[in-house]
Amino acid sequence: MSGVGTTMAERVLVALSGGVDSAVTAYLLKQAGWEPVGIHLRLFDAAPGLDGVCCGDVAAADARAVAAQIGIPFYVRDLRPEFEQEVVAPTVEEYARARTPNPCVFCNHRVRIPALLELAEALGIRFVATGHYVRKVATPGGWRLAEARDAQRDQSYVLYRLTADQLGRLLFPLGEYDKPTVRAIAQEAGLFVARKPSSVDLCFAKTYGGIGRLVSQRRPETSRPGPLLDERDEVVGTHPGIAFVTIGQRRGLEWARPTPERRYVAEIDPATAVVRVAPRERILTRAVRLADPVWHDPVLTADARLRYQGPRIPARIEGDWVIFDEPAPPLAPGQSVVLYVGDRVVGGGIAEEVVRTEQESPIPALAQRA
C-alpha cells in the first residue's frame with residue numbers, strides 16, 4: 001500500500017460508496033494508522049432492487065453499515081442537483097447530437113473529486129482517499145497518475161484529467177492490489193460487503209433501462225427510427241433511433257438484406273435520423289483532434305487509449321492532434337482519448353474531429369503520408 005502509510009494519526013476523508021472497494025480502502029487506511037472519516041456522495045436515486053449501482057438508499061445504508069463495522073465517523077452529502085447538471089444532462093445532450101461521451105469522466109472530473117476535496121478542506125482534512133484502482137507516482141514535474149498494478153481493474157482512463165495539485169491530496173490504496181485480493185481482505189476483516197457485486201459503468205443509466213432509454217425519454221426525437229444507407233446511398237436496413245446508435249456499432253440494427261461484407265455504423269445525422277454504414281476498414285481511425293485537452297507532460301509520442309480499459313495504440317502528437325501509427329478502432333466524437341507513456345498518464349482530451357482511413361486529412365503531415 002505504497003504512499004498511504006503514516007507515522008502519526010491523521011484524519012483522511014474516505015469516499016464510501018457502499019461497495020467492497022471503498023470499504024477495504026477505509027479498512028486498510030485505519031490499519032495503517034490513519035483516522036478515516038467516511039463520506040457517501042448521494043449522486044442519484046437508483047431504482048429499487050438494482051445490482052451494480054453505487055447510489056441510492058441501499059448503497060447509502062451499506063456505506064453507513066461499513067463505517068459502523070470499521071468504527072469510523074460517517075456522513076452523507078447530497079450532490080443530486082450537481083450530478084444532474086454536470087453529468088446526466090450533458091450526457092443526454094451529447095447523445096442527442098450523435099456524439100458518444102464518457103459520463104464517468106464527467107462524474108469524476110466535474111462532481112466527485114472536486115466535491116471530496118472541497119469537503120475535506122471544509123473539515124480541515126488534508127487528504128482524500130477513494131477506492132479507484134489507480135496509482136500516483138512522484139516525478140520531477142510533480143505527482144502524476146499511473147495505471148493500477150491490476151490491468152483488468154485499472155481506472156486511470158476515467159481519472160486522466162486529475163492535476164498534480166489534486167493528486168497531491170489524493171490517496172489510492174487499492175492501486176497495488178487486484179480484485180480477488182481486495183475481496184479476500186474484506187472477507188478476512190469480516191466486512192459484510194466482501195461478496196457484494198461491483199458497480200458497473202454508466203451505473204446511473206441502469207435505473208432507466210440503459211443509456212439509450214434515458215436519452216430517448218429526455219429527448220423523444222432521438223427514438224425516431226431511420227434508414228441505414230450504404231456507400232451507394234441504398235437502404236440496407238433500419239435503426240431504432242440515434243439514442244441507441246454509436247459509431248462502429250453493428251448489433252441492435254435491423255438489416256433488410258445480407259451484404260457482401262459486414263457493415264458498421266460510420267456516420268449519424270441527428271437532424272434527419274439517417275445512419276450511414278460501411279465496412280469496418282473504411283471507418284478505422286487515422287487521427288483525431290482533441291478538444292479541451294489536458295497535458296501533464298510534453299510528449300511527441302505516446303500510447304492512446306480510446307475506451308475504458310481498451311488496448312493502447314501507439315501514436316504521435318502534433319499540437320492537439322493524435323496521429324496513429326497504424327489504423328485504430330472506430331472512434332466517435334465525444335469519446336475520451338487518454339495518452340500514456342509507460343504506465344503514466346501524460347494527457348488526454350475529447351475526440352472532436354476524427355479522420356477516417358479513407359478521408360482526406362486536414363493535417364499537412366498526415367496528408368503527405370497518404
# chains A, B, ... in the order shown; residues from 1 in each chain; ligands from 1

$ residues_around --residues "Arg64 of chain A" --least-positions-apart "5" --cutoff "9 Å" --atoms "only C-alpha atoms" --output "list of chain:residue names"
A:Leu16, A:Gly18, A:Gly38, A:Ile39, A:His40, A:Ala59, A:Gln69, A:Phe74, A:Tyr75, A:Val76

$ residues_around --residues "Ile185 of chain A" --least-positions-apart "6" --cutoff "10 Å" --atoms "only C-alpha atoms" --output "list in words"
Val20, Val24, Tyr27, Leu28, Lys179, Leu191 and Ala194 of chain A

$ closest_residue --among "A:Arg307, A:Lys206, A:Arg144, A:His132" --to "Leu171 of chain A" --atoms "only C-alpha atoms"
A:His132

$ residues_around --residues "Glu121 of chain A" --least-positions-apart "5" --cutoff "12 Å" --atoms "only C-alpha atoms" --output "list in words"
Arg11, Val12, Leu13, Pro114, Ala115, Leu116, Arg126, Phe127, Val128 and Arg169 of chain A

$ closest_residue --among "A:Pro240, A:Pro329, A:Gly142, A:Gly212" --to "Thr100 of chain A" --atoms "only C-alpha atoms"
A:Gly212

$ residues_around --residues "Glu231 of chain A" --least-positions-apart "4" --cutoff "8 Å" --atoms "only C-alpha atoms" --output "JSON, numbers by chain"
{"A": [276, 277, 278]}

$ write_last_selection --atoms "all heavy atoms" --output "mmCIF file, in the first residue's frame"
data_model
loop_
_atom_site.group_PDB
_atom_site.id
_atom_site.type_symbol
_atom_site.label_atom_id
_atom_site.label_comp_id
_atom_site.auth_asym_id
_atom_site.auth_seq_id
_atom_site.Cartn_x
_atom_site.Cartn_y
_atom_site.Cartn_z
ATOM 1 N N ARG A 276 -25.418 6.168 -41.752
ATOM 2 C CA ARG A 276 -24.671 5.546 -42.840
ATOM 3 C C ARG A 276 -23.802 4.419 -42.285
ATOM 4 O O ARG A 276 -23.250 4.539 -41.187
ATOM 5 C CB ARG A 276 -23.807 6.578 -43.572
ATOM 6 C CG ARG A 276 -24.646 7.621 -44.299
ATOM 7 C CD ARG A 276 -23.819 8.548 -45.152
ATOM 8 N NE ARG A 276 -24.692 9.454 -45.903
ATOM 9 C CZ ARG A 276 -25.251 9.153 -47.066
ATOM 10 N NH1 ARG A 276 -24.999 7.969 -47.636
ATOM 11 N NH2 ARG A 276 -26.037 10.021 -47.677
ATOM 12 N N VAL A 277 -23.693 3.343 -43.054
ATOM 13 C CA VAL A 277 -22.897 2.195 -42.648
ATOM 14 C C VAL A 277 -21.839 1.926 -43.710
ATOM 15 O O VAL A 277 -21.986 2.308 -44.880
ATOM 16 C CB VAL A 277 -23.780 0.953 -42.433
ATOM 17 C CG1 VAL A 277 -24.753 1.171 -41.276
ATOM 18 C CG2 VAL A 277 -24.542 0.581 -43.703
ATOM 19 N N ALA A 278 -20.770 1.247 -43.295
ATOM 20 C CA ALA A 278 -19.668 0.962 -44.210
ATOM 21 C C ALA A 278 -18.868 -0.207 -43.657
ATOM 22 O O ALA A 278 -18.983 -0.541 -42.466
ATOM 23 C CB ALA A 278 -18.769 2.190 -44.365
#

$ residues_around --residues "Ala9 of chain A" --least-positions-apart "4" --cutoff "7 Å" --atoms "only C-alpha atoms" --output "JSON, numbers by chain"
{"A": [33, 34, 35]}

$ atom_distance --atom1 "atom CA of Gly210 of chain A" --atom2 "atom CA of Thr285 of chain A"
27.1 Å

$ residues_around --residues "Gln335 of chain A" --least-positions-apart "4" --cutoff "7 Å" --atoms "only C-alpha atoms" --output "list of chain:residue names"
A:Thr100, A:Pro101, A:Asn102, A:Ile350, A:Ala351

$ write_last_selection --atoms "all heavy atoms" --output "compact mmCIF listing (two decimals), in the first residue's frame"
# COMPACT_ATOMS: atom_id res chain seq x y z
N THR A 100 -20.69 10.51 -28.56
CA THR A 100 -20.64 9.43 -27.57
C THR A 100 -19.73 9.84 -26.42
O THR A 100 -18.52 9.63 -26.47
CB THR A 100 -20.13 8.13 -28.20
OG1 THR A 100 -20.95 7.80 -29.33
CG2 THR A 100 -20.19 6.97 -27.20
N PRO A 101 -20.28 10.45 -25.37
CA PRO A 101 -19.47 10.92 -24.26
C PRO A 101 -19.13 9.79 -23.29
O PRO A 101 -19.66 8.68 -23.41
CB PRO A 101 -20.39 11.94 -23.58
CG PRO A 101 -21.75 11.35 -23.79
CD PRO A 101 -21.71 10.73 -25.18
N ASN A 102 -18.26 10.09 -22.34
CA ASN A 102 -17.99 9.16 -21.25
C ASN A 102 -18.45 9.79 -19.95
O ASN A 102 -17.74 10.61 -19.36
CB ASN A 102 -16.49 8.81 -21.18
CG ASN A 102 -16.24 7.66 -20.22
OD1 ASN A 102 -16.57 7.76 -19.04
ND2 ASN A 102 -15.68 6.58 -20.72
N ILE A 350 -11.02 15.21 -25.43
CA ILE A 350 -12.26 14.72 -26.02
C ILE A 350 -12.13 14.70 -27.54
O ILE A 350 -11.73 15.70 -28.15
CB ILE A 350 -13.45 15.62 -25.62
CG1 ILE A 350 -13.52 15.78 -24.11
CG2 ILE A 350 -14.76 15.05 -26.17
CD1 ILE A 350 -13.71 14.50 -23.34
N ALA A 351 -12.47 13.57 -28.15
CA ALA A 351 -12.40 13.46 -29.61
C ALA A 351 -13.36 14.47 -30.24
O ALA A 351 -14.56 14.44 -29.99
CB ALA A 351 -12.77 12.04 -30.04

$ closest_residue --among "A:Glu358, A:Asp230, A:Asp269, A:Glu353" --to "Arg257 of chain A" --atoms "only C-alpha atoms"
A:Asp230

$ select_by_dssp --residues "segment 4-49 of chain A" --states "alpha helix (DSSP H)" --output "number ranges by chain"
A: 20-31

$ write_last_selection --atoms "C-alpha atoms" --output "PDB file, in the first residue's frame"
ATOM      1  CA  VAL A  20     -16.277  -3.659  -1.280  1.00  0.00           C
ATOM      2  CA  ASP A  21     -13.565  -1.470  -2.834  1.00  0.00           C
ATOM      3  CA  SER A  22     -14.277   1.640  -0.791  1.00  0.00           C
ATOM      4  CA  ALA A  23     -14.847  -0.476   2.341  1.00  0.00           C
ATOM      5  CA  VAL A  24     -11.411  -2.077   2.012  1.00  0.00           C
ATOM      6  CA  THR A  25      -9.909   1.354   1.308  1.00  0.00           C
ATOM      7  CA  ALA A  26     -11.186   2.641   4.661  1.00  0.00           C
ATOM      8  CA  TYR A  27     -10.165  -0.569   6.433  1.00  0.00           C
ATOM      9  CA  LEU A  28      -6.597  -0.531   5.074  1.00  0.00           C
ATOM     10  CA  LEU A  29      -6.124   3.114   5.974  1.00  0.00           C
ATOM     11  CA  LYS A  30      -7.261   2.527   9.534  1.00  0.00           C
ATOM     12  CA  GLN A  31      -4.927  -0.468   9.791  1.00  0.00           C
TER      13      GLN A  31
END

$ residues_around --residues "segment 156-159 of chain A" --least-positions-apart "4" --cutoff "10 Å" --atoms "only C-alpha atoms" --output "PyMOL selection string"
chain A and resi 102-109+113+132-136+145-148+163+305-310+336-340+343-345+348

$ write_last_selection --atoms "N, CA and C atoms" --output "JSON list (two decimals), in the first residue's frame"
[["chain", "number", "residue", "atom", "x", "y", "z"],
["A", 102, "ASN", "N", -18.26, 10.09, -22.34],
["A", 102, "ASN", "CA", -17.99, 9.16, -21.25],
["A", 102, "ASN", "C", -18.45, 9.79, -19.95],
["A", 103, "PRO", "N", -19.64, 9.44, -19.47],
["A", 103, "PRO", "CA", -20.18, 10.08, -18.26],
["A", 103, "PRO", "C", -19.32, 9.87, -17.03],
["A", 104, "CYS", "N", -18.56, 8.76, -16.98],
["A", 104, "CYS", "CA", -17.71, 8.51, -15.81],
["A", 104, "CYS", "C", -16.60, 9.56, -15.71],
["A", 105, "VAL", "N", -16.12, 10.03, -16.86],
["A", 105, "VAL", "CA", -15.14, 11.12, -16.85],
["A", 105, "VAL", "C", -15.79, 12.40, -16.33],
["A", 106, "PHE", "N", -17.01, 12.71, -16.83],
["A", 106, "PHE", "CA", -17.75, 13.87, -16.33],
["A", 106, "PHE", "C", -17.91, 13.79, -14.81],
["A", 107, "CYS", "N", -18.34, 12.61, -14.34],
["A", 107, "CYS", "CA", -18.65, 12.43, -12.92],
["A", 107, "CYS", "C", -17.44, 12.68, -12.04],
["A", 108, "ASN", "N", -16.32, 12.04, -12.38],
["A", 108, "ASN", "CA", -15.13, 12.18, -11.55],
["A", 108, "ASN", "C", -14.53, 13.58, -11.63],
["A", 109, "HIS", "N", -14.47, 14.13, -12.83],
["A", 109, "HIS", "CA", -13.80, 15.41, -13.03],
["A", 109, "HIS", "C", -14.65, 16.59, -12.55],
["A", 113, "ILE", "N", -14.59, 14.20, -7.49],
["A", 113, "ILE", "CA", -13.29, 14.61, -6.95],
["A", 113, "ILE", "C", -13.32, 16.05, -6.42],
["A", 132, "HIS", "N", -10.58, 3.81, -6.11],
["A", 132, "HIS", "CA", -10.19, 3.62, -7.50],
["A", 132, "HIS", "C", -8.95, 2.73, -7.60],
["A", 133, "TYR", "N", -8.92, 1.93, -8.65],
["A", 133, "TYR", "CA", -7.75, 1.12, -8.94],
["A", 133, "TYR", "C", -6.81, 1.93, -9.85],
["A", 134, "VAL", "N", -6.03, 2.80, -9.24],
["A", 134, "VAL", "CA", -5.02, 3.60, -9.92],
["A", 134, "VAL", "C", -3.88, 3.83, -8.93],
["A", 135, "ARG", "N", -2.77, 4.35, -9.44],
["A", 135, "ARG", "CA", -1.66, 4.73, -8.59],
["A", 135, "ARG", "C", -1.26, 6.17, -8.90],
["A", 136, "LYS", "N", -0.50, 6.77, -8.02],
["A", 136, "LYS", "CA", 0.12, 8.06, -8.32],
["A", 136, "LYS", "C", 1.61, 7.91, -8.09],
["A", 145, "LEU", "N", -0.57, 10.64, -12.48],
["A", 145, "LEU", "CA", -1.43, 9.46, -12.38],
["A", 145, "LEU", "C", -0.79, 8.31, -13.15],
["A", 146, "ALA", "N", -0.90, 7.11, -12.59],
["A", 146, "ALA", "CA", -0.35, 5.92, -13.24],
["A", 146, "ALA", "C", -1.36, 4.79, -13.18],
["A", 147, "GLU", "N", -1.19, 3.83, -14.08],
["A", 147, "GLU", "CA", -2.09, 2.68, -14.12],
["A", 147, "GLU", "C", -1.97, 1.84, -12.85],
["A", 148, "ALA", "N", -3.04, 1.16, -12.52],
["A", 148, "ALA", "CA", -3.03, 0.21, -11.40],
["A", 148, "ALA", "C", -2.17, -0.99, -11.76],
["A", 163, "THR", "N", -5.13, 16.84, -11.80],
["A", 163, "THR", "CA", -3.92, 17.68, -11.82],
["A", 163, "THR", "C", -2.93, 17.20, -10.76],
["A", 305, "ARG", "N", -5.33, 5.40, -25.49],
["A", 305, "ARG", "CA", -6.44, 4.50, -25.15],
["A", 305, "ARG", "C", -7.73, 5.21, -25.52],
["A", 306, "LEU", "N", -8.55, 4.54, -26.34],
["A", 306, "LEU", "CA", -9.77, 5.16, -26.87],
["A", 306, "LEU", "C", -11.01, 4.77, -26.09],
["A", 307, "ARG", "N", -10.91, 3.73, -25.28],
["A", 307, "ARG", "CA", -12.05, 3.26, -24.49],
["A", 307, "ARG", "C", -11.57, 2.82, -23.12],
["A", 308, "TYR", "N", -12.50, 2.81, -22.18],
["A", 308, "TYR", "CA", -12.19, 2.38, -20.82],
["A", 308, "TYR", "C", -11.63, 0.96, -20.86],
["A", 309, "GLN", "N", -10.42, 0.79, -20.35],
["A", 309, "GLN", "CA", -9.71, -0.49, -20.33],
["A", 309, "GLN", "C", -9.51, -1.08, -21.73],
["A", 310, "GLY", "N", -9.54, -0.24, -22.75],
["A", 310, "GLY", "CA", -9.28, -0.69, -24.11],
["A", 310, "GLY", "C", -7.78, -0.84, -24.35],
["A", 336, "SER", "N", -13.48, 10.00, -24.92],
["A", 336, "SER", "CA", -12.22, 10.44, -24.33],
["A", 336, "SER", "C", -11.07, 9.66, -24.95],
["A", 337, "VAL", "N", -9.99, 10.36, -25.22],
["A", 337, "VAL", "CA", -8.75, 9.76, -25.69],
["A", 337, "VAL", "C", -7.69, 10.06, -24.63],
["A", 338, "VAL", "N", -7.12, 9.01, -24.04],
["A", 338, "VAL", "CA", -6.18, 9.18, -22.93],
["A", 338, "VAL", "C", -4.81, 8.69, -23.38],
["A", 339, "LEU", "N", -3.77, 9.45, -23.06],
["A", 339, "LEU", "CA", -2.42, 9.21, -23.56],
["A", 339, "LEU", "C", -1.49, 8.75, -22.43],
["A", 340, "TYR", "N", -0.66, 7.75, -22.73],
["A", 340, "TYR", "CA", 0.23, 7.14, -21.76],
["A", 340, "TYR", "C", 1.65, 7.07, -22.30],
["A", 343, "ASP", "N", 3.58, 3.43, -17.84],
["A", 343, "ASP", "CA", 2.35, 3.28, -17.06],
["A", 343, "ASP", "C", 1.77, 4.61, -16.61],
["A", 344, "ARG", "N", 2.35, 5.72, -17.09],
["A", 344, "ARG", "CA", 1.97, 7.04, -16.60],
["A", 344, "ARG", "C", 1.05, 7.76, -17.58],
["A", 345, "VAL", "N", 0.02, 8.42, -17.06],
["A", 345, "VAL", "CA", -0.88, 9.24, -17.87],
["A", 345, "VAL", "C", -0.20, 10.58, -18.15],
["A", 348, "GLY", "N", -4.60, 13.92, -22.38],
["A", 348, "GLY", "CA", -5.82, 13.38, -22.98],
["A", 348, "GLY", "C", -6.78, 14.49, -23.32]]

$ atom_distance --atom1 "atom CA of His239 of chain A" --atom2 "atom CA of Ala89 of chain A"
23.8 Å

$ closest_residue --among "A:Val137, A:Leu174, A:Cys203, A:Ile125" --to "Leu43 of chain A" --atoms "only C-alpha atoms"
A:Cys203
